[in-house]
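Chemist: Below you will find the structure I want to go over with you.
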Amino acid sequence: MLFTPLIIAIREDWIQWNLENQDGMKPAADTPVDRAVLDIAREVKSEVSKEKEEKTMKSCFLSIWNKPERGEDYTILQALTSMDMLILFAATFCGLGGSLTAVDNLGQIGESLGYPTKTIKSFVSLVSIWNYFGRVFSGFVSESLLVKYKMPRPLMMTFVLLLACVGHLLVAFPFSGSVYVASVIMGFAFGAQLPLLFAIISELFGLKYYSTLFNCGQLASPLGSYILNVKITGLLYDHEALKELAKKGMERSSVKELICMGVQCYRVPFIILSSVTFFGALISLVLVMRTRKFYSSDIYKKFREIHGVS
């Protein structure tokens with residue numbers, strides 16, 4: 001189910017190519033000609049049609065490697081197979097996947113560290129509030145830095161991912177009140193990543209297929225969350241909970257739900273999350289280097305020319 005948008009994107013791109021390359025001429029009306037001549041004409045038409053279909057198919061897939069300049073309109077397949085998109089996908093997998101994992105486990109983190117229910121609700125509220133501020137801040141500040149100083153927008157994503165690493169480490173090595181700070185940082189970093197992702201996709205790959213491409217880019221978020229949350233964090237938490245049961249001389253069947261208490265419950269998972277997010281920051285730096293020349297130019301020039309603005 002996760003890859004359904006990708007299948008739809010490929011199908012739509014194929015249909016678009018067929019529409020652009022099909023012959024708009026309708027077949028001529030039959031005329032009173034000899035049957036043999038008519039049969040020959042039909043055979044020739046069939047052969048031409050087959051050749052045209054083969055040419056269309058070759059053109060569709062060969063154009064994948066004939067990519068336009070950054071900022072121009074990419075086709076869906078051109079964008080999905082470009083190195084820039086793969087790098088962005090990997091950075092999003094690490095960044096948003098880690099942030100979603102942290103937010104999903106925030107209530108259980110507070111419980112394992114012994115915070116009361118009322119305080120845990122405050123953590124969730126802080127994440128929601130600072131998520132909003134992160135969205136506004138990243139969009140406004142990255143745009144200002146881009147216009148004034150030609151700073152590549154992916155560099156802003158690098159800074160946000162490094163900030164998220166700090167939030168993860170505050171959970172891995174908690175101290176009194178650290179979860180308050182971690183909630184603010186994780187909420188802010190989580191909110192800041194989405195506007196940057198959407199803006200980068202629109203700037204690098206054009207607006208023609210933007211709605212499809214940003215949905216494909218977002219696919220990294222649930223995929224990263226599933227692997228980092230379910231397959232790593234959840235399993236490690238259960239492992240620590242089982243160790244506590246073993247110390248008490250109890251078995252898994254004797255309790256309805258696994259509950260782990262103490263700082264050790266999320267230490268290893270969040271060290272891993274911090275490492276993965278840091279790796280995502282390093283990957284985004286590769287995108288910064290690749291797009292530095294593009295962002296140093298006037299990326300909005302073509303839009304001003306279209307609207308006749310100097």
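Residue numbering restarts at 1 in every chain; chains get A, B, ... in the order shown in the structure tokens, and ligands count up from 1 in that same order.
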Might you pull out every residue within 9 Å of Gln78 of chain A, with only C-alpha atoms counted and same-chain residues fewer than 5 positions away left off, and present them as a list of chain:residue names?
Modeler: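 So, after excluding close chain neighbours, the residues are A:Ser63, A:Ile64, A:Trp65, A:Asn66, A:Lys67, A:Pro68, A:Phe205.
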Chemist: How would the residues just chosen look if you wrote them out with C-alpha atoms as an mmCIF file, in the first residue's frame?
Modeler:
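Output below, filename again-v7.cif:
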```
data_model
loop_
_atom_site.group_PDB
_atom_site.id
_atom_site.type_symbol
_atom_site.label_atom_id
_atom_site.label_comp_id
_atom_site.auth_asym_id
_atom_site.auth_seq_id
_atom_site.Cartn_x
_atom_site.Cartn_y
_atom_site.Cartn_z
ATOM 1 C CA SER A 63 13.802 10.425 -21.729
ATOM 2 C CA ILE A 64 14.248 9.285 -18.128
ATOM 3 C CA TRP A 65 17.985 9.740 -18.560
ATOM 4 C CA ASN A 66 17.656 12.883 -20.676
ATOM 5 C CA LYS A 67 16.840 15.153 -17.760
ATOM 6 C CA PRO A 68 16.259 18.913 -18.064
ATOM 7 C CA PHE A 205 11.745 19.623 -10.384
#
```
Chemist: Excluding Phe279 of chain A and its own-chain neighbours fewer than 4 positions away, which residues fall within 8 Å of it when counting only C-alpha atoms? Please give them as a list in words.
Modeler: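 The neighbour list is Ala91, Cys94, Ser275 and Ile283 of chain A.
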Chemist: May I have the residues within 12 Å of segment 238-253 of chain A as a list in words, using only C-alpha atoms and disregarding those fewer than 2 positions away in the same chain?
Modeler: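 The filter keeps Ser112, Val230, Lys231, Ile232, Thr233, Gly234, Leu235, Leu236, Val255, Lys256, Glu257, Leu258, Ile259, Cys260, Met261, Gly262, Val263, Gln264, Cys265, Tyr266, Arg267, Val268 and Pro269 of chain A.
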Chemist: Could you write out that same residue set with N, CA and C atoms as a CSV table (one decimal), in the first residue's frame?
Modeler:
```csv
chain,number,residue,atom,x,y,z
A,112,SER,N,7.6,6.3,31.1
A,112,SER,CA,8.8,5.5,31.6
A,112,SER,C,9.7,6.3,32.5
A,230,VAL,N,8.5,0.9,14.5
A,230,VAL,CA,8.0,-0.4,14.8
A,230,VAL,C,9.1,-1.4,14.9
A,231,LYS,N,10.0,-1.4,13.9
A,231,LYS,CA,11.1,-2.4,13.8
A,231,LYS,C,12.3,-2.1,14.7
A,232,ILE,N,12.5,-0.9,15.1
A,232,ILE,CA,13.7,-0.6,16.0
A,232,ILE,C,13.2,-0.2,17.4
A,233,THR,N,12.6,1.0,17.5
A,233,THR,CA,12.2,1.5,18.8
A,233,THR,C,11.3,0.6,19.6
A,234,GLY,N,10.3,0.1,18.9
A,234,GLY,CA,9.3,-0.8,19.6
A,234,GLY,C,9.9,-2.1,20.1
A,235,LEU,N,10.7,-2.7,19.2
A,235,LEU,CA,11.4,-3.9,19.6
A,235,LEU,C,12.4,-3.7,20.8
A,236,LEU,N,13.1,-2.7,20.7
A,236,LEU,CA,14.1,-2.4,21.8
A,236,LEU,C,13.4,-2.1,23.1
A,255,VAL,N,1.7,-10.8,32.3
A,255,VAL,CA,1.3,-9.4,32.2
A,255,VAL,C,0.5,-9.2,30.9
A,256,LYS,N,-0.4,-8.3,31.0
A,256,LYS,CA,-1.2,-8.0,29.8
A,256,LYS,C,-0.5,-7.1,28.8
A,257,GLU,N,0.3,-6.1,29.3
A,257,GLU,CA,1.0,-5.2,28.5
A,257,GLU,C,2.4,-5.0,29.0
A,258,LEU,N,3.3,-4.9,28.1
A,258,LEU,CA,4.7,-4.7,28.5
A,258,LEU,C,4.9,-3.2,28.9
A,259,ILE,N,5.4,-3.0,30.1
A,259,ILE,CA,5.7,-1.6,30.5
A,259,ILE,C,7.1,-1.5,31.0
A,260,CYS,N,7.9,-0.6,30.6
A,260,CYS,CA,9.2,-0.4,31.0
A,260,CYS,C,9.3,0.9,31.7
A,261,MET,N,10.0,0.9,32.9
A,261,MET,CA,10.2,2.1,33.7
A,261,MET,C,11.7,2.4,33.9
A,262,GLY,N,12.1,3.6,33.6
A,262,GLY,CA,13.5,4.0,33.8
A,262,GLY,C,14.1,4.6,32.6
A,263,VAL,N,15.3,5.2,32.8
A,263,VAL,CA,16.0,5.9,31.7
A,263,VAL,C,16.5,5.0,30.6
A,264,GLN,N,16.7,3.7,31.0
A,264,GLN,CA,17.3,2.8,30.1
A,264,GLN,C,16.3,2.4,29.0
A,265,CYS,N,15.0,2.6,29.2
A,265,CYS,CA,13.9,2.1,28.2
A,265,CYS,C,14.1,2.7,26.8
A,266,TYR,N,14.4,4.0,26.7
A,266,TYR,CA,14.5,4.6,25.4
A,266,TYR,C,16.0,5.1,25.1
A,267,ARG,N,16.9,4.7,25.9
A,267,ARG,CA,18.3,5.2,25.7
A,267,ARG,C,18.8,4.7,24.4
A,268,VAL,N,18.9,3.4,24.2
A,268,VAL,CA,19.4,2.8,23.0
A,268,VAL,C,18.6,3.2,21.7
A,269,PRO,N,17.3,3.1,21.8
A,269,PRO,CA,16.5,3.6,20.6
A,269,PRO,C,16.8,5.0,20.2
```
Chemist: Do you know which residues are at most 12 Å from Tyr132 of chain A counting only C-alpha atoms, after dropping those on the same chain fewer than 4 positions away, and could you put them as a list of chain:residue names?
Modeler: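 My list of contacting residues is A:Ser125, A:Leu126, A:Val127, A:Ser128, A:Val136, A:Phe137, A:Ser138, A:Gly139, A:Val184, A:Met186, A:Gly187, A:Phe188, A:Ala189, A:Phe190, A:Gly191, A:Ala192, A:Gln193, A:Leu194, A:Pro195.
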Chemist: Just the residues within 12 Å of Val288 of chain A, please, counting only C-alpha atoms, with nothing from its chain fewer than 2 positions along; format it as a list in words.
Modeler: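 Skipping anything fewer than 2 positions along the chain leaves Asp84, Ile87, Leu88, Ala91, Lys150, Met151, Pro152, Arg153, Pro154, Leu155, Met156, Met157, Thr158, Phe159, Ile200, Leu204, Ala281, Leu282, Ile283, Ser284, Leu285, Val286, Arg290, Thr291, Arg292, Lys293, Phe294, Tyr295 and Ser296 of chain A.
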Chemist: Considering only C-alpha atoms, return as a ChimeraX atom specification whatever protein or nucleic-acid residues lie within 7 Å of Phe270 of chain A, sequence-local ones (same chain, fewer than 2 positions apart) excluded.
Modeler: /A:168-169,171-172,266-268,272-274
Chemist: Give me a file of those residues, with C-alpha atoms, as a PDB file, in the first residue's frame.
Modeler:
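out.pdb, written as the output of this step:
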```
ATOM      1  CA  HIS A 168      16.755  12.879  20.471  1.00  0.00           C
ATOM      2  CA  LEU A 169      19.849  12.998  22.671  1.00  0.00           C
ATOM      3  CA  VAL A 171      15.599  11.805  25.554  1.00  0.00           C
ATOM      4  CA  ALA A 172      18.451   9.298  25.406  1.00  0.00           C
ATOM      5  CA  TYR A 266      14.540   4.605  25.429  1.00  0.00           C
ATOM      6  CA  ARG A 267      18.279   5.199  25.707  1.00  0.00           C
ATOM      7  CA  VAL A 268      19.443   2.842  22.967  1.00  0.00           C
ATOM      8  CA  ILE A 272      19.998   5.100  17.149  1.00  0.00           C
ATOM      9  CA  LEU A 273      17.448   7.758  16.120  1.00  0.00           C
ATOM     10  CA  SER A 274      19.993  10.488  16.743  1.00  0.00           C
TER      11      SER A 274
END
```
Chemist: With only C-alpha atoms as the atoms that count, which of A:Met289, A:Leu219, A:Leu207, A:Ile271 lies nearest to Ile76 of chain A?
Modeler: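 Closest to Ile76 of chain A, using only C-alpha atoms: A:Leu207.
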Chemist: Between A:Thr92, A:Thr75, A:Thr119, A:Thr81, which is the closest to Leu223 of chain A once you count only C-alpha atoms?
Modeler: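 Using only C-alpha atoms, Leu223 of chain A sits closest to A:Thr92.
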Chemist: Please compute the atom CA of Ser142 of chain A-atom CA of Gly71 of chain A distance, one decimal, in Å.
Modeler: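 Between atom CA of Ser142 of chain A and atom CA of Gly71 of chain A the gap works out to 17.4 Å.
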Chemist: Using only C-alpha atoms, can you tell me which of A:Thr277, A:Thr101, A:Ser122, A:Ser297 comes closest to Val179 of chain A?
Modeler: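 Nearest to Val179 of chain A: A:Ser122.
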Chemist: In Å to one decimal, how far is atom CA of Ser183 of chain A from atom CA of Gly167 of chain A?
Modeler: 7.4 Å
Chemist: DSSP on the backbone, then: every residue of segment 196-253 of chain A marked helix (DSSP H, G or I), written as a PDB file with C-alpha atoms, in the first residue's frame.
Modeler:
```pdb
ATOM      1  CA  LEU A 196      11.395  22.649   3.276  1.00  0.00           C
ATOM      2  CA  LEU A 197      10.656  19.333   1.571  1.00  0.00           C
ATOM      3  CA  PHE A 198       7.783  20.799  -0.455  1.00  0.00           C
ATOM      4  CA  ALA A 199       9.735  23.913  -1.428  1.00  0.00           C
ATOM      5  CA  ILE A 200      12.837  21.984  -2.505  1.00  0.00           C
ATOM      6  CA  ILE A 201      10.800  19.611  -4.685  1.00  0.00           C
ATOM      7  CA  SER A 202       9.010  22.489  -6.423  1.00  0.00           C
ATOM      8  CA  GLU A 203      12.242  24.410  -7.014  1.00  0.00           C
ATOM      9  CA  LEU A 204      14.330  21.521  -8.319  1.00  0.00           C
ATOM     10  CA  PHE A 205      11.745  19.623 -10.384  1.00  0.00           C
ATOM     11  CA  TYR A 210       4.369  19.002  -8.318  1.00  0.00           C
ATOM     12  CA  SER A 211       1.318  17.451  -6.642  1.00  0.00           C
ATOM     13  CA  THR A 212       2.416  13.948  -7.628  1.00  0.00           C
ATOM     14  CA  LEU A 213       6.073  14.491  -6.811  1.00  0.00           C
ATOM     15  CA  PHE A 214       5.574  15.881  -3.332  1.00  0.00           C
ATOM     16  CA  ASN A 215       3.319  12.929  -2.496  1.00  0.00           C
ATOM     17  CA  CYS A 216       6.046  10.591  -3.725  1.00  0.00           C
ATOM     18  CA  GLY A 217       8.560  12.517  -1.616  1.00  0.00           C
ATOM     19  CA  GLN A 218       6.324  12.192   1.424  1.00  0.00           C
ATOM     20  CA  ALA A 220       9.708   8.451   2.849  1.00  0.00           C
ATOM     21  CA  SER A 221       7.979   9.705   5.997  1.00  0.00           C
ATOM     22  CA  PRO A 222       5.674   6.729   6.755  1.00  0.00           C
ATOM     23  CA  LEU A 223       8.307   4.317   5.489  1.00  0.00           C
ATOM     24  CA  GLY A 224      10.921   5.757   7.832  1.00  0.00           C
ATOM     25  CA  SER A 225       8.450   5.875  10.695  1.00  0.00           C
ATOM     26  CA  TYR A 226       7.530   2.223  10.221  1.00  0.00           C
ATOM     27  CA  ILE A 227      11.120   0.999  10.210  1.00  0.00           C
ATOM     28  CA  LEU A 228      12.433   3.271  12.965  1.00  0.00           C
ATOM     29  CA  ASN A 229       9.340   3.098  15.157  1.00  0.00           C
ATOM     30  CA  VAL A 230       7.995  -0.426  14.772  1.00  0.00           C
ATOM     31  CA  LYS A 231      11.076  -2.389  13.800  1.00  0.00           C
ATOM     32  CA  ILE A 232      13.656  -0.629  15.984  1.00  0.00           C
ATOM     33  CA  THR A 233      12.236   1.500  18.800  1.00  0.00           C
ATOM     34  CA  GLY A 234       9.301  -0.783  19.580  1.00  0.00           C
ATOM     35  CA  LEU A 235      11.384  -3.939  19.624  1.00  0.00           C
ATOM     36  CA  LEU A 236      14.098  -2.407  21.810  1.00  0.00           C
ATOM     37  CA  TYR A 237      11.511  -1.041  24.247  1.00  0.00           C
ATOM     38  CA  ASP A 238       9.901  -4.480  24.524  1.00  0.00           C
ATOM     39  CA  HIS A 239      13.330  -6.010  25.063  1.00  0.00           C
ATOM     40  CA  GLU A 240      13.991  -3.714  28.024  1.00  0.00           C
ATOM     41  CA  ALA A 241      10.521  -4.413  29.425  1.00  0.00           C
ATOM     42  CA  LEU A 242      11.135  -8.160  29.208  1.00  0.00           C
ATOM     43  CA  LYS A 243      14.428  -7.725  31.034  1.00  0.00           C
ATOM     44  CA  GLU A 244      12.580  -5.984  33.864  1.00  0.00           C
ATOM     45  CA  LEU A 245      10.062  -8.826  34.015  1.00  0.00           C
ATOM     46  CA  ALA A 246      12.875 -11.358  34.172  1.00  0.00           C
ATOM     47  CA  LYS A 247      14.443  -9.503  37.110  1.00  0.00           C
ATOM     48  CA  ARG A 252       5.524 -12.436  29.431  1.00  0.00           C
ATOM     49  CA  SER A 253       2.279 -14.365  29.777  1.00  0.00           C
TER      50      SER A 253
END
```
Chemist: May I ask for the distance between atom CA of Gly107 of chain A and atom CA of Ala182 of chain A, given in Å to one decimal place?
Modeler: 12.6 Å
